[in-house]
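Enquirer: Compact mmCIF, C-alpha atoms, saved as work_30.txt, coming up:
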```
# COMPACT_ATOMS: atom_id res chain seq x y z
CA MET A 850 174.87 136.11 151.74
CA GLU A 851 172.03 138.59 151.35
CA LEU A 852 171.97 142.35 151.18
CA VAL A 853 171.67 143.75 154.67
CA GLU A 854 168.10 144.04 155.87
CA VAL A 855 168.51 146.34 158.83
CA ASN A 856 165.80 144.93 161.09
CA GLN A 857 166.92 141.33 160.56
CA LEU A 858 170.55 142.21 161.09
CA GLN A 859 169.79 144.23 164.20
CA ALA A 860 167.88 141.27 165.66
CA ALA A 861 170.80 138.98 164.86
CA ILE A 862 173.29 141.32 166.53
CA ASP A 863 171.02 141.59 169.58
CA SER A 864 170.97 137.80 169.95
CA PHE A 865 174.72 137.84 170.79
CA VAL A 866 174.57 140.58 173.41
CA GLY A 867 176.10 139.60 176.75
CA LYS A 868 177.63 136.37 175.41
CA ASP A 869 181.29 135.49 175.04
CA VAL A 870 181.73 135.46 171.27
CA TYR A 871 184.66 134.87 168.94
CA LEU A 872 185.41 137.80 166.66
CA HIS A 873 186.78 137.97 163.13
CA LEU A 874 187.35 141.53 161.91
CA GLU A 875 189.16 142.34 158.69
CA THR A 876 189.77 145.16 156.28
CA THR A 877 191.77 144.69 153.10
CA ASN A 878 192.77 146.25 149.81
CA GLY A 879 194.32 142.98 148.66
CA SER A 880 198.00 142.11 148.67
CA TYR A 881 198.45 143.20 145.05
CA ALA A 882 197.14 146.75 145.47
CA SER A 883 200.52 148.42 145.29
CA HIS A 884 201.74 146.01 142.58
CA PHE A 885 199.02 147.10 140.16
CA ASN A 886 199.09 150.71 141.36
CA GLU A 887 202.60 151.53 142.54
CA GLY A 888 201.74 154.72 144.38
CA PHE A 889 198.99 153.04 146.36
CA PHE A 890 199.40 153.08 150.13
CA ASN A 891 198.24 149.61 151.10
CA ALA A 892 196.83 149.27 154.58
CA GLY A 893 194.69 146.61 156.18
CA ALA A 894 194.25 144.61 159.35
CA PHE A 895 192.68 141.44 160.58
CA ILE A 896 191.97 139.89 163.94
CA ARG A 897 190.60 136.38 164.32
CA ASN A 898 189.25 134.33 167.19
CA VAL A 899 189.60 136.96 169.86
CA VAL A 900 186.84 136.63 172.45
CA ILE A 901 184.72 139.67 173.20
CA ASN A 902 181.53 140.26 175.11
CA PHE A 903 179.53 143.28 173.97
CA GLU A 904 176.71 145.02 175.80
CA LEU A 905 175.20 146.91 172.88
CA GLY A 906 175.43 146.48 169.13
CA LYS A 907 173.99 148.57 166.32
CA VAL A 908 173.75 148.62 162.56
CA VAL A 909 173.42 152.18 161.33
CA GLY A 910 173.08 154.13 158.10
CA ASP A 911 172.11 153.32 154.52
CA SER A 912 174.07 150.67 152.64
CA PRO A 913 176.99 150.37 152.92
CA HIS A 914 176.24 150.26 156.62
CA ARG A 915 178.29 150.85 159.70
CA VAL A 916 178.24 148.39 162.58
CA GLY A 917 179.46 149.16 166.09
CA LEU A 918 179.70 146.93 169.14
CA LYS A 919 180.07 148.58 172.54
CA LEU A 920 182.17 146.60 175.01
CA PRO A 921 182.40 147.27 178.75
CA GLN A 922 185.79 148.86 178.11
CA GLY A 923 186.03 149.41 174.40
CA TRP A 924 184.59 149.22 170.89
CA VAL A 925 184.47 147.18 167.73
CA TYR A 926 183.66 149.09 164.55
CA ALA A 927 183.28 148.26 160.87
CA GLN A 928 182.34 150.48 157.95
CA GLY A 929 181.21 149.41 154.49
CA ILE A 930 178.98 146.46 155.40
CA THR A 931 176.75 145.42 152.47
CA HIS A 932 175.89 141.75 153.05
CA PHE A 933 175.05 139.44 155.91
CA GLU A 934 174.35 135.81 156.64
CA ILE A 935 173.67 133.59 159.60
CA ASP A 936 175.43 130.44 158.46
CA GLU A 937 174.56 126.82 159.20
CA GLU A 938 176.67 126.96 162.35
CA GLY A 939 174.73 129.95 163.68
CA ARG A 940 177.59 132.38 163.10
CA LEU A 941 176.79 135.94 162.13
CA LEU A 942 178.86 136.85 159.06
CA LEU A 943 178.90 140.45 157.84
CA ALA A 944 180.85 141.61 154.82
CA GLY A 945 181.33 144.61 152.59
CA HIS A 946 181.74 143.67 148.94
CA ASP A 947 182.71 146.29 146.38
CA GLY A 948 181.17 146.62 142.93
CA THR A 949 183.67 144.15 141.42
CA GLY A 950 182.84 141.43 143.94
CA LYS A 951 185.88 141.88 146.14
CA LEU A 952 185.63 141.77 149.89
CA ALA A 953 186.76 145.01 151.50
CA VAL A 954 185.66 144.45 155.09
CA ALA A 955 184.39 141.56 157.19
CA LEU A 956 182.96 141.45 160.71
CA GLN A 957 181.97 138.05 162.06
CA ILE A 958 180.88 136.82 165.48
CA SER A 959 180.35 133.29 166.65
CA GLU A 960 179.77 131.43 169.91
CA THR A 961 182.24 128.78 168.75
CA PRO A 962 185.76 129.45 167.44
CA PHE A 963 186.28 130.06 163.75
CA SER A 964 188.62 127.61 162.01
CA TYR A 965 192.38 128.19 162.30
CA MET B 1419 213.97 125.19 125.11
CA THR B 1420 212.85 121.63 125.82
CA ILE B 1421 211.96 120.52 129.31
CA PRO B 1422 214.50 117.95 130.49
CA LYS B 1423 213.53 114.75 132.24
CA GLU B 1424 214.00 115.04 135.98
CA ARG B 1425 214.28 112.53 138.82
CA HIS B 1426 211.54 114.32 140.78
CA VAL B 1427 210.11 117.83 140.65
CA LEU B 1428 208.99 119.56 143.86
CA VAL B 1429 206.78 122.62 143.41
CA ILE B 1430 206.19 124.85 146.43
CA PHE B 1431 203.75 127.75 146.39
CA PRO B 1432 201.55 129.32 149.07
CA HIS B 1433 198.18 129.70 147.35
CA PRO B 1434 195.87 127.56 145.27
CA ASP B 1435 196.13 129.13 141.77
CA ASP B 1436 199.81 130.17 142.18
CA GLU B 1437 200.67 127.07 140.17
CA ALA B 1438 198.13 127.75 137.43
CA PHE B 1439 199.32 130.89 135.68
CA GLY B 1440 203.08 130.52 135.58
CA VAL B 1441 203.85 126.85 135.99
CA SER B 1442 200.95 124.53 135.16
CA GLY B 1443 202.23 123.92 131.61
CA THR B 1444 205.65 122.97 132.93
CA ILE B 1445 204.13 120.72 135.61
CA THR B 1446 201.92 119.02 133.03
CA THR B 1447 204.87 118.44 130.72
CA HIS B 1448 206.97 116.88 133.47
CA ILE B 1449 204.10 114.57 134.36
CA GLN B 1450 203.57 113.57 130.73
CA GLN B 1451 207.30 112.82 130.46
CA GLY B 1452 206.94 110.45 133.39
CA THR B 1453 208.68 112.64 135.96
CA PRO B 1454 207.04 112.41 139.39
CA VAL B 1455 205.85 115.84 140.53
CA THR B 1456 204.93 116.86 144.08
CA TYR B 1457 203.05 120.11 144.60
CA ALA B 1458 203.08 121.48 148.15
CA CYS B 1459 200.49 124.23 148.52
CA LEU B 1460 201.01 125.93 151.85
CA THR B 1461 197.56 127.52 152.38
CA LEU B 1462 194.05 127.28 150.96
CA GLY B 1463 193.93 130.97 150.09
CA GLU B 1464 191.56 131.49 153.01
CA MET B 1465 191.83 135.28 152.80
CA GLY B 1466 191.05 135.59 149.10
CA ARG B 1467 189.10 138.74 148.25
CA ASN B 1468 187.09 137.49 145.30
CA LEU B 1469 183.83 136.50 146.94
CA GLY B 1470 181.48 137.96 144.32
CA ASN B 1471 178.76 140.57 144.31
CA PRO B 1472 176.24 139.10 144.78
CA PRO B 1473 178.51 136.92 146.93
CA PHE B 1474 179.03 133.26 146.04
CA ALA B 1475 181.01 132.59 149.22
CA THR B 1476 181.82 133.92 152.66
CA ARG B 1477 185.15 134.31 154.42
CA GLU B 1478 184.31 131.03 156.17
CA SER B 1479 183.10 129.01 153.17
CA LEU B 1480 185.91 130.08 150.82
CA PRO B 1481 188.58 127.57 151.97
CA ALA B 1482 186.43 124.55 151.08
CA ILE B 1483 185.71 126.05 147.66
CA ARG B 1484 189.37 126.74 146.98
CA LYS B 1485 190.35 123.27 148.17
CA LYS B 1486 188.01 121.75 145.56
CA GLU B 1487 189.43 124.09 142.94
CA LEU B 1488 192.98 123.07 143.86
CA LEU B 1489 192.07 119.40 143.51
CA ALA B 1490 190.50 120.15 140.11
CA SER B 1491 193.61 122.01 139.00
CA ALA B 1492 195.77 119.05 140.05
CA GLU B 1493 193.52 116.78 138.00
CA ALA B 1494 193.81 119.09 134.98
CA MET B 1495 197.61 118.80 135.16
CA GLY B 1496 197.53 115.06 135.85
CA LEU B 1497 199.16 115.70 139.22
CA THR B 1498 198.64 112.98 141.81
CA ASP B 1499 200.91 114.07 144.68
CA LEU B 1500 199.29 117.20 146.07
CA ARG B 1501 200.17 118.26 149.61
CA MET B 1502 198.02 120.79 151.44
CA MET B 1503 200.24 122.07 154.21
CA GLY B 1504 197.60 123.68 156.43
CA LEU B 1505 199.00 127.15 156.99
CA ARG B 1506 196.80 130.25 156.81
CA ASP B 1507 196.79 132.73 153.97
CA LYS B 1508 198.55 136.04 154.78
CA THR B 1509 200.31 134.68 157.87
CA LEU B 1510 203.38 132.90 156.45
CA GLU B 1511 205.84 135.74 157.06
CA PHE B 1512 204.82 135.77 160.72
CA GLU B 1513 205.40 132.06 161.30
CA ASP B 1514 208.62 131.04 162.96
CA ASP B 1515 211.23 131.26 160.18
CA GLU B 1516 213.00 128.10 161.28
CA LYS B 1517 209.73 126.18 161.34
CA MET B 1518 209.13 127.25 157.75
CA VAL B 1519 212.61 126.10 156.72
CA ARG B 1520 212.08 122.74 158.44
CA MET B 1521 208.79 122.25 156.59
CA MET B 1522 210.66 122.74 153.31
CA GLU B 1523 213.53 120.48 154.44
CA GLU B 1524 211.11 117.69 155.24
CA LEU B 1525 209.47 117.97 151.82
CA ILE B 1526 212.89 117.91 150.17
CA GLU B 1527 214.16 115.00 152.23
CA GLU B 1528 211.09 112.95 151.45
CA THR B 1529 210.84 113.64 147.72
CA ASN B 1530 214.56 113.97 146.91
CA PRO B 1531 213.90 116.34 144.00
CA SER B 1532 216.35 117.08 141.20
CA LEU B 1533 214.41 120.31 140.57
CA ILE B 1534 212.52 122.62 142.92
CA ILE B 1535 210.18 125.31 141.60
CA THR B 1536 209.09 128.24 143.78
CA PHE B 1537 209.09 132.05 143.74
CA TYR B 1538 212.21 134.23 143.50
CA PRO B 1539 212.88 136.02 146.82
CA ASP B 1540 212.44 139.80 146.58
CA PHE B 1541 210.66 139.52 143.20
CA ALA B 1542 207.51 137.70 144.24
CA VAL B 1543 205.18 140.64 145.12
CA HIS B 1544 202.88 138.98 147.68
CA PRO B 1545 204.20 138.64 151.27
CA ASP B 1546 203.23 134.94 151.33
CA HIS B 1547 205.13 134.38 148.07
CA GLU B 1548 208.18 136.08 149.58
CA ALA B 1549 207.99 134.06 152.81
CA THR B 1550 207.69 130.84 150.81
CA ALA B 1551 210.62 131.77 148.59
CA ARG B 1552 212.82 132.66 151.56
CA ALA B 1553 212.06 129.39 153.34
CA VAL B 1554 212.78 127.30 150.23
CA VAL B 1555 216.03 129.11 149.44
CA ARG B 1556 217.19 128.75 153.04
CA ALA B 1557 216.42 125.04 153.05
CA VAL B 1558 218.23 124.46 149.76
CA ARG B 1559 221.17 126.64 150.80
CA ARG B 1560 221.92 124.22 153.66
CA MET B 1561 222.16 121.23 151.33
CA THR B 1562 225.54 119.97 150.18
CA ASP B 1563 224.17 118.46 146.95
CA ARG B 1564 221.71 121.13 145.87
CA PRO B 1565 218.93 120.41 143.39
CA LYS B 1566 218.24 122.90 140.61
CA LEU B 1567 216.15 125.81 141.87
CA HIS B 1568 213.91 127.50 139.31
CA CYS B 1569 212.11 130.61 140.51
CA VAL B 1570 209.13 132.57 139.26
CA ALA B 1571 209.63 136.35 139.42
CA PHE B 1572 207.02 138.92 138.50
CA ALA B 1573 207.67 142.07 140.55
CA ASN B 1574 207.51 145.22 138.45
CA ASN B 1575 211.30 145.66 138.66
CA THR B 1576 212.16 142.07 137.67
CA LEU B 1577 213.44 142.81 134.17
CA ASP B 1578 215.47 145.81 135.37
CA VAL B 1579 217.24 143.86 138.08
CA LEU B 1580 217.30 140.21 137.02
CA GLY B 1581 217.18 140.74 133.27
CA GLU B 1582 215.54 138.21 130.97
CA PRO B 1583 214.74 134.79 132.45
CA ASP B 1584 217.34 132.15 131.62
CA ILE B 1585 214.67 129.46 131.24
CA VAL B 1586 211.73 129.87 128.90
CA TYR B 1587 209.53 126.86 128.09
CA ASP B 1588 207.03 126.88 125.26
CA ILE B 1589 204.15 124.90 126.70
CA LYS B 1590 201.83 125.11 123.66
CA PRO B 1591 201.59 121.30 123.40
CA VAL B 1592 199.83 121.27 126.79
CA ARG B 1593 198.00 124.57 126.35
CA GLU B 1594 194.61 123.02 127.07
CA HIS B 1595 195.84 121.48 130.32
CA LYS B 1596 197.06 124.91 131.39
CA MET B 1597 193.74 126.55 130.45
CA ASN B 1598 191.92 123.90 132.47
CA SER B 1599 194.21 124.43 135.46
CA MET B 1600 193.47 128.16 135.37
CA LYS B 1601 189.75 127.53 134.86
CA ALA B 1602 189.74 125.16 137.82
CA HIS B 1603 190.36 128.17 140.06
CA ILE B 1604 187.31 129.90 138.67
CA SER B 1605 186.32 131.61 141.94
CA GLN B 1606 189.52 133.65 141.82
CA THR B 1607 190.25 133.81 138.09
CA ALA B 1608 186.88 134.41 136.39
CA TRP B 1609 187.38 138.11 135.61
CA MET B 1610 190.99 137.60 134.57
CA LEU B 1611 190.18 134.67 132.26
CA GLU B 1612 187.38 136.62 130.63
CA GLU B 1613 189.78 139.45 129.84
CA MET B 1614 192.45 137.00 128.67
CA GLU B 1615 190.14 135.08 126.33
CA HIS B 1616 188.92 138.35 124.85
CA LYS B 1617 192.52 139.37 124.10
CA LEU B 1618 193.37 135.93 122.69
CA GLN B 1619 190.37 136.07 120.36
CA ASN B 1620 191.64 139.41 119.08
CA GLY B 1621 195.00 137.82 118.30
CA ASP B 1622 196.92 139.64 121.03
CA THR B 1623 200.41 138.09 120.78
CA GLU B 1624 201.56 139.47 124.13
CA THR B 1625 198.78 137.59 125.88
CA GLU B 1626 199.41 134.44 123.84
CA ASN B 1627 203.09 134.57 124.81
CA TRP B 1628 202.22 135.22 128.43
CA LEU B 1629 200.04 132.12 128.34
CA THR B 1630 202.27 129.73 126.43
CA LEU B 1631 205.78 130.78 127.48
CA GLU B 1632 206.60 129.86 131.07
CA ARG B 1633 209.59 131.74 132.44
CA PHE B 1634 211.96 130.88 135.26
CA TYR B 1635 215.11 132.29 136.76
CA THR B 1636 217.71 129.86 138.02
CA TYR B 1637 218.40 131.02 141.55
CA ARG B 1638 221.67 132.96 141.69
CA TRP B 1639 223.58 131.59 144.65
CA ASP B 1640 226.39 134.03 143.92
CA GLN B 1641 223.93 136.88 144.51
CA ASP B 1642 222.08 135.26 147.42
CA PHE B 1643 219.21 137.37 148.75
CA GLU B 1644 220.67 137.35 152.29
```
Could you show the structure in this file as structure tokens?
Expert:
Amino acid sequence: MELVEVNQLQAAIDSFVGKDVYLHLETTNGSYASHFNEGFFNAGAFIRNVVINFELGKVVGDSPHRVGLKLPQGWVYAQGITHFEIDEEGRLLLAGHDGTGKLAVALQISETPFSY
Amino acid sequence: MTIPKERHVLVIFPHPDDEAFGVSGTITTHIQQGTPVTYACLTLGEMGRNLGNPPFATRESLPAIRKKELLASAEAMGLTDLRMMGLRDKTLEFEDDEKMVRMMEELIEETNPSLIITFYPDFAVHPDHEATARAVVRAVRRMTDRPKLHCVAFANNTLDVLGEPDIVYDIKPVREHKMNSMKAHISQTAWMLEEMEHKLQNGDTETENWLTLERFYTYRWDQDFE
């Protein structure tokens, strides 16, 4: 993965507009967050291989960036995006990695399903 | 405490690297004593957070990396019967409970173990650890001739509630095998190993004991978790 280059990422997002794409969206503090820090309120979510079709997508702000996808009847949003990659299968993988190298957020879209 | 010879040992954990920290010395010792050991690893740790910065992996490339690491850990322990069960990290507690129990029953029926090693229900911290522990305990509970069930517990309240572990193995003779098992999972353990080796070099006895003493609780059927 590379640090987000806004123009490249914007072009990549644009290339998926109007297509049925599989979505992976995830935020996480890790399953051990409230083991190591007992008062910590651990919250997170993930969704994988849900098909969406967005009409407009934008990357906004300085790093860490925000990314929003506008759907005909809804939205997809991620905050904290630092890195991106178009992998060998043509999937657009976005991630936010904190200073210790831990993933905090991921937003991925693909024309083919992600693995299980 | 010496590690007795068993007919067959079945180890069941959800994530690659779960075996490394608490159990790899015990596994290695069983193997060196000629006891067949089967390790069923339920997921490939697909949702692991350690991906580096700069990143060395993506959410999508991580499973293949962790699979290789798991194979390397097995090799470090001398383990030849490794089962990758194909479930997804973070989802075990949402699988059908009965399906989980059946998966454990099939492993038990096939390997006919005299000892099963897994996590201790309610003291296993991670939801996948808990789901694994529940499924194993439920499967064993249904058996008429139950194998020994040794459980790893590390929740913060473990000592308060369960007391000291009844089984403590000194695995110093196979220390290097254990180090190599932990090092095999380098994508997830790098920062932890660095800290550990620093402490060991400074003669920190707590860390040395943590490394070389492997602790288990015999499951208490008289205080069953459900």
Enquirer: Nearest to chain B: which of A:Phe889, A:Tyr926, A:Tyr881, A:Phe895 is it, counting only C-alpha atoms?
Expert: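 Result for the nearest residue to chain B: A:Tyr881.
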Enquirer: Find the residues around range 1469-1484 of chain B up to 8 Å (all atoms listed in the file counted), leave out those fewer than 2 positions away in its own chain, and share them as a count of residues only.
Expert: 24
Enquirer: Taking all atoms listed in the file into account, which of A:Lys919, A:Lys907, A:His884, A:His914 comes nearest chain B?
Expert: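 For chain B, the nearest of the candidates is A:His884.
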Enquirer: If you take all atoms listed in the file and a cut-off of 12 Å, which residues of chain A touch chain B, and what are their nearest atom pairs and distances in Å to one decimal, in chain and number order, as a Markdown table?
Expert:
```
| residue | atom | partner | partner_atom | distance |
| --- | --- | --- | --- | --- |
| A:Met850 | CA | B:Pro1473 | CA | 6.1 |
| A:Glu851 | CA | B:Pro1472 | CA | 7.8 |
| A:Leu852 | CA | B:Pro1472 | CA | 8.4 |
| A:Val853 | CA | B:Pro1472 | CA | 11.8 |
| A:His873 | CA | B:Arg1477 | CA | 9.6 |
| A:Leu874 | CA | B:Arg1477 | CA | 10.6 |
| A:Glu875 | CA | B:Met1465 | CA | 9.6 |
| A:Thr876 | CA | B:Arg1467 | CA | 10.3 |
| A:Thr877 | CA | B:Arg1467 | CA | 8.1 |
| A:Asn878 | CA | B:Arg1467 | CA | 8.5 |
| A:Gly879 | CA | B:Arg1467 | CA | 6.7 |
| A:Ser880 | CA | B:His1544 | CA | 5.9 |
| A:Tyr881 | CA | B:His1544 | CA | 6.7 |
| A:Ala882 | CA | B:His1544 | CA | 9.9 |
| A:Ser883 | CA | B:Val1543 | CA | 9.1 |
| A:His884 | CA | B:Val1543 | CA | 6.9 |
| A:Phe885 | CA | B:Asn1574 | CA | 8.9 |
| A:Asn886 | CA | B:Asn1574 | CA | 10.5 |
| A:Glu887 | CA | B:Asn1574 | CA | 9.0 |
| A:Gly893 | CA | B:Lys1508 | CA | 11.3 |
| A:Ala894 | CA | B:Lys1508 | CA | 10.6 |
| A:Phe895 | CA | B:Lys1508 | CA | 9.9 |
| A:Ile896 | CA | B:Thr1509 | CA | 11.6 |
| A:Arg897 | CA | B:Arg1477 | CA | 11.5 |
| A:Thr931 | CA | B:Asn1471 | CA | 9.7 |
| A:His932 | CA | B:Pro1473 | CA | 8.2 |
| A:Phe933 | CA | B:Thr1476 | CA | 9.3 |
| A:Glu934 | CA | B:Thr1476 | CA | 8.7 |
| A:Ile935 | CA | B:Thr1476 | CA | 10.7 |
| A:Asp936 | CA | B:Glu1478 | CA | 9.2 |
| A:Glu937 | CA | B:Ser1479 | CA | 10.7 |
| A:Glu938 | CA | B:Glu1478 | CA | 10.6 |
| A:Arg940 | CA | B:Glu1478 | CA | 9.7 |
| A:Leu941 | CA | B:Glu1478 | CA | 10.8 |
| A:Leu942 | CA | B:Thr1476 | CA | 7.6 |
| A:Leu943 | CA | B:Thr1476 | CA | 8.8 |
| A:Ala944 | CA | B:Thr1476 | CA | 8.0 |
| A:Gly945 | CA | B:Asn1471 | CA | 9.6 |
| A:His946 | CA | B:Asn1471 | CA | 6.3 |
| A:Asp947 | CA | B:Asn1471 | CA | 7.3 |
| A:Gly948 | CA | B:Asn1471 | CA | 6.7 |
| A:Thr949 | CA | B:Asn1471 | CA | 6.7 |
| A:Gly950 | CA | B:Gly1470 | CA | 3.7 |
| A:Lys951 | CA | B:Asn1468 | CA | 4.6 |
| A:Leu952 | CA | B:Arg1467 | CA | 4.9 |
| A:Ala953 | CA | B:Arg1467 | CA | 7.4 |
| A:Val954 | CA | B:Arg1467 | CA | 9.6 |
| A:Ala955 | CA | B:Arg1477 | CA | 7.8 |
| A:Leu956 | CA | B:Arg1477 | CA | 9.8 |
| A:Gln957 | CA | B:Arg1477 | CA | 9.1 |
| A:Ile958 | CA | B:Glu1478 | CA | 11.5 |
| A:Ser959 | CA | B:Glu1478 | CA | 11.4 |
| A:Pro962 | CA | B:Glu1478 | CA | 11.5 |
| A:Phe963 | CA | B:Glu1478 | CA | 7.9 |
| A:Ser964 | CA | B:Glu1478 | CA | 8.0 |
| A:Tyr965 | CA | B:Arg1506 | CA | 7.3 |
```
Enquirer: What does the structure give for the distance between CA of Arg1552 in chain B and CA of Asn1627 in chain B, in Å to one decimal?
Expert: 28.5 Å
Enquirer: Between CA of Leu872 in chain A and CA of Pro913 in chain A, what is the spacing in Å?
Expert: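 Interatomic distance here is 20.4 Å.
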Enquirer: So which residues touch Leu1428 in chain B within 7 Å, counting all atoms listed in the file, skipping near sequence neighbours fewer than 3 positions away, as a list in words?
Expert: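 After dropping sequence-adjacent residues, the list is Val1455, Thr1456, Tyr1457, Pro1531, Leu1533, Ile1534 and Ile1535 of chain B.
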Enquirer: Show me the residues close to (220.9, 134.9, 143.9) - anything with an atom within 12 Å, counting only C-alpha atoms - and format the list as a list of chain:residue names.
Expert: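 Looking at atoms near the point gives B:Tyr1538, B:Pro1539, B:Asp1540, B:Phe1541, B:Ala1551, B:Arg1552, B:Val1555, B:Arg1556, B:Arg1559, B:Leu1567, B:His1568, B:Cys1569, B:Val1579, B:Leu1580, B:Tyr1635, B:Thr1636, B:Tyr1637, B:Arg1638, B:Trp1639, B:Asp1640, B:Gln1641, B:Asp1642, B:Phe1643, B:Glu1644.
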Enquirer: Write a file of the selected residues as a tab-separated table (two decimals), keeping the file's coordinate frame, keeping C-alpha atoms.
Expert:
```
chain	number	residue	atom	x	y	z
B	1538	TYR	CA	212.21	134.23	143.50
B	1539	PRO	CA	212.88	136.02	146.82
B	1540	ASP	CA	212.44	139.80	146.58
B	1541	PHE	CA	210.66	139.52	143.20
B	1551	ALA	CA	210.62	131.77	148.59
B	1552	ARG	CA	212.82	132.66	151.56
B	1555	VAL	CA	216.03	129.11	149.44
B	1556	ARG	CA	217.19	128.75	153.04
B	1559	ARG	CA	221.17	126.64	150.80
B	1567	LEU	CA	216.15	125.81	141.87
B	1568	HIS	CA	213.91	127.50	139.31
B	1569	CYS	CA	212.11	130.61	140.51
B	1579	VAL	CA	217.24	143.86	138.08
B	1580	LEU	CA	217.30	140.21	137.02
B	1635	TYR	CA	215.11	132.29	136.76
B	1636	THR	CA	217.71	129.86	138.02
B	1637	TYR	CA	218.40	131.02	141.55
B	1638	ARG	CA	221.67	132.96	141.69
B	1639	TRP	CA	223.58	131.59	144.65
B	1640	ASP	CA	226.39	134.03	143.92
B	1641	GLN	CA	223.93	136.88	144.51
B	1642	ASP	CA	222.08	135.26	147.42
B	1643	PHE	CA	219.21	137.37	148.75
B	1644	GLU	CA	220.67	137.35	152.29
```
Enquirer: Nearest to Gln928 in chain A among A:Ala861, A:Val916, A:Val866, A:Leu905, with distances taken over all atoms listed in the file: which residue is it?
Expert: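 Smallest distance to Gln928 in chain A is found for A:Val916.
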Enquirer: Write out as a short mmCIF file (atom, residue, chain, number, x, y, z; two decimals) with C-alpha atoms, in the frame of the given file the residues lying within 12 Å of Pro921 in chain A, counting only C-alpha atoms and excluding same-chain residues fewer than 5 positions away.
Expert:
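Final output, out32.cif:
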```cif
data_model
loop_
_atom_site.label_atom_id
_atom_site.label_comp_id
_atom_site.auth_asym_id
_atom_site.auth_seq_id
_atom_site.Cartn_x
_atom_site.Cartn_y
_atom_site.Cartn_z
CA VAL A 866 174.57 140.58 173.41
CA GLY A 867 176.10 139.60 176.75
CA ILE A 901 184.72 139.67 173.20
CA ASN A 902 181.53 140.26 175.11
CA PHE A 903 179.53 143.28 173.97
CA GLU A 904 176.71 145.02 175.80
CA LEU A 905 175.20 146.91 172.88
CA GLY A 906 175.43 146.48 169.13
#
```
Enquirer: Starting from the sparse input, extend range 1598-1612 of chain B to N, CA and C atoms and give the output as a PDB file, in the frame of the given file.
Expert:
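Below is the file that was written, out.pdb:
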```
ATOM      1  N   ASN B1598     192.809 124.582 131.521  1.00  0.00           N
ATOM      2  CA  ASN B1598     191.920 123.900 132.470  1.00  0.00           C
ATOM      3  C   ASN B1598     192.393 124.074 133.913  1.00  0.00           C
ATOM      4  N   SER B1599     193.696 124.155 134.107  1.00  0.00           N
ATOM      5  CA  SER B1599     194.210 124.430 135.460  1.00  0.00           C
ATOM      6  C   SER B1599     193.765 125.821 135.909  1.00  0.00           C
ATOM      7  N   MET B1600     193.881 126.792 135.005  1.00  0.00           N
ATOM      8  CA  MET B1600     193.470 128.160 135.370  1.00  0.00           C
ATOM      9  C   MET B1600     191.955 128.218 135.592  1.00  0.00           C
ATOM     10  N   LYS B1601     191.223 127.524 134.721  1.00  0.00           N
ATOM     11  CA  LYS B1601     189.750 127.530 134.860  1.00  0.00           C
ATOM     12  C   LYS B1601     189.300 126.829 136.134  1.00  0.00           C
ATOM     13  N   ALA B1602     190.115 125.882 136.597  1.00  0.00           N
ATOM     14  CA  ALA B1602     189.740 125.160 137.820  1.00  0.00           C
ATOM     15  C   ALA B1602     189.606 126.127 138.996  1.00  0.00           C
ATOM     16  N   HIS B1603     190.402 127.193 138.961  1.00  0.00           N
ATOM     17  CA  HIS B1603     190.360 128.170 140.060  1.00  0.00           C
ATOM     18  C   HIS B1603     189.385 129.300 139.742  1.00  0.00           C
ATOM     19  N   ILE B1604     188.237 128.927 139.252  1.00  0.00           N
ATOM     20  CA  ILE B1604     187.310 129.900 138.670  1.00  0.00           C
ATOM     21  C   ILE B1604     186.866 130.965 139.673  1.00  0.00           C
ATOM     22  N   SER B1605     186.793 130.612 140.967  1.00  0.00           N
ATOM     23  CA  SER B1605     186.320 131.610 141.940  1.00  0.00           C
ATOM     24  C   SER B1605     187.263 132.813 141.985  1.00  0.00           C
ATOM     25  N   GLN B1606     188.542 132.567 141.721  1.00  0.00           N
ATOM     26  CA  GLN B1606     189.520 133.650 141.820  1.00  0.00           C
ATOM     27  C   GLN B1606     189.949 134.185 140.446  1.00  0.00           C
ATOM     28  N   THR B1607     189.670 133.448 139.392  1.00  0.00           N
ATOM     29  CA  THR B1607     190.250 133.810 138.090  1.00  0.00           C
ATOM     30  C   THR B1607     189.224 134.241 137.053  1.00  0.00           C
ATOM     31  N   ALA B1608     187.933 134.199 137.391  1.00  0.00           N
ATOM     32  CA  ALA B1608     186.880 134.410 136.390  1.00  0.00           C
ATOM     33  C   ALA B1608     187.089 135.698 135.590  1.00  0.00           C
ATOM     34  N   TRP B1609     187.269 136.820 136.291  1.00  0.00           N
ATOM     35  CA  TRP B1609     187.380 138.110 135.610  1.00  0.00           C
ATOM     36  C   TRP B1609     188.646 138.178 134.763  1.00  0.00           C
ATOM     37  N   MET B1610     189.713 137.572 135.271  1.00  0.00           N
ATOM     38  CA  MET B1610     190.990 137.600 134.570  1.00  0.00           C
ATOM     39  C   MET B1610     190.930 136.743 133.304  1.00  0.00           C
ATOM     40  N   LEU B1611     190.284 135.576 133.417  1.00  0.00           N
ATOM     41  CA  LEU B1611     190.180 134.670 132.260  1.00  0.00           C
ATOM     42  C   LEU B1611     189.313 135.293 131.175  1.00  0.00           C
ATOM     43  N   GLU B1612     188.265 135.974 131.590  1.00  0.00           N
ATOM     44  CA  GLU B1612     187.380 136.620 130.630  1.00  0.00           C
ATOM     45  C   GLU B1612     188.168 137.641 129.803  1.00  0.00           C
TER      46      GLU B1612
END
```
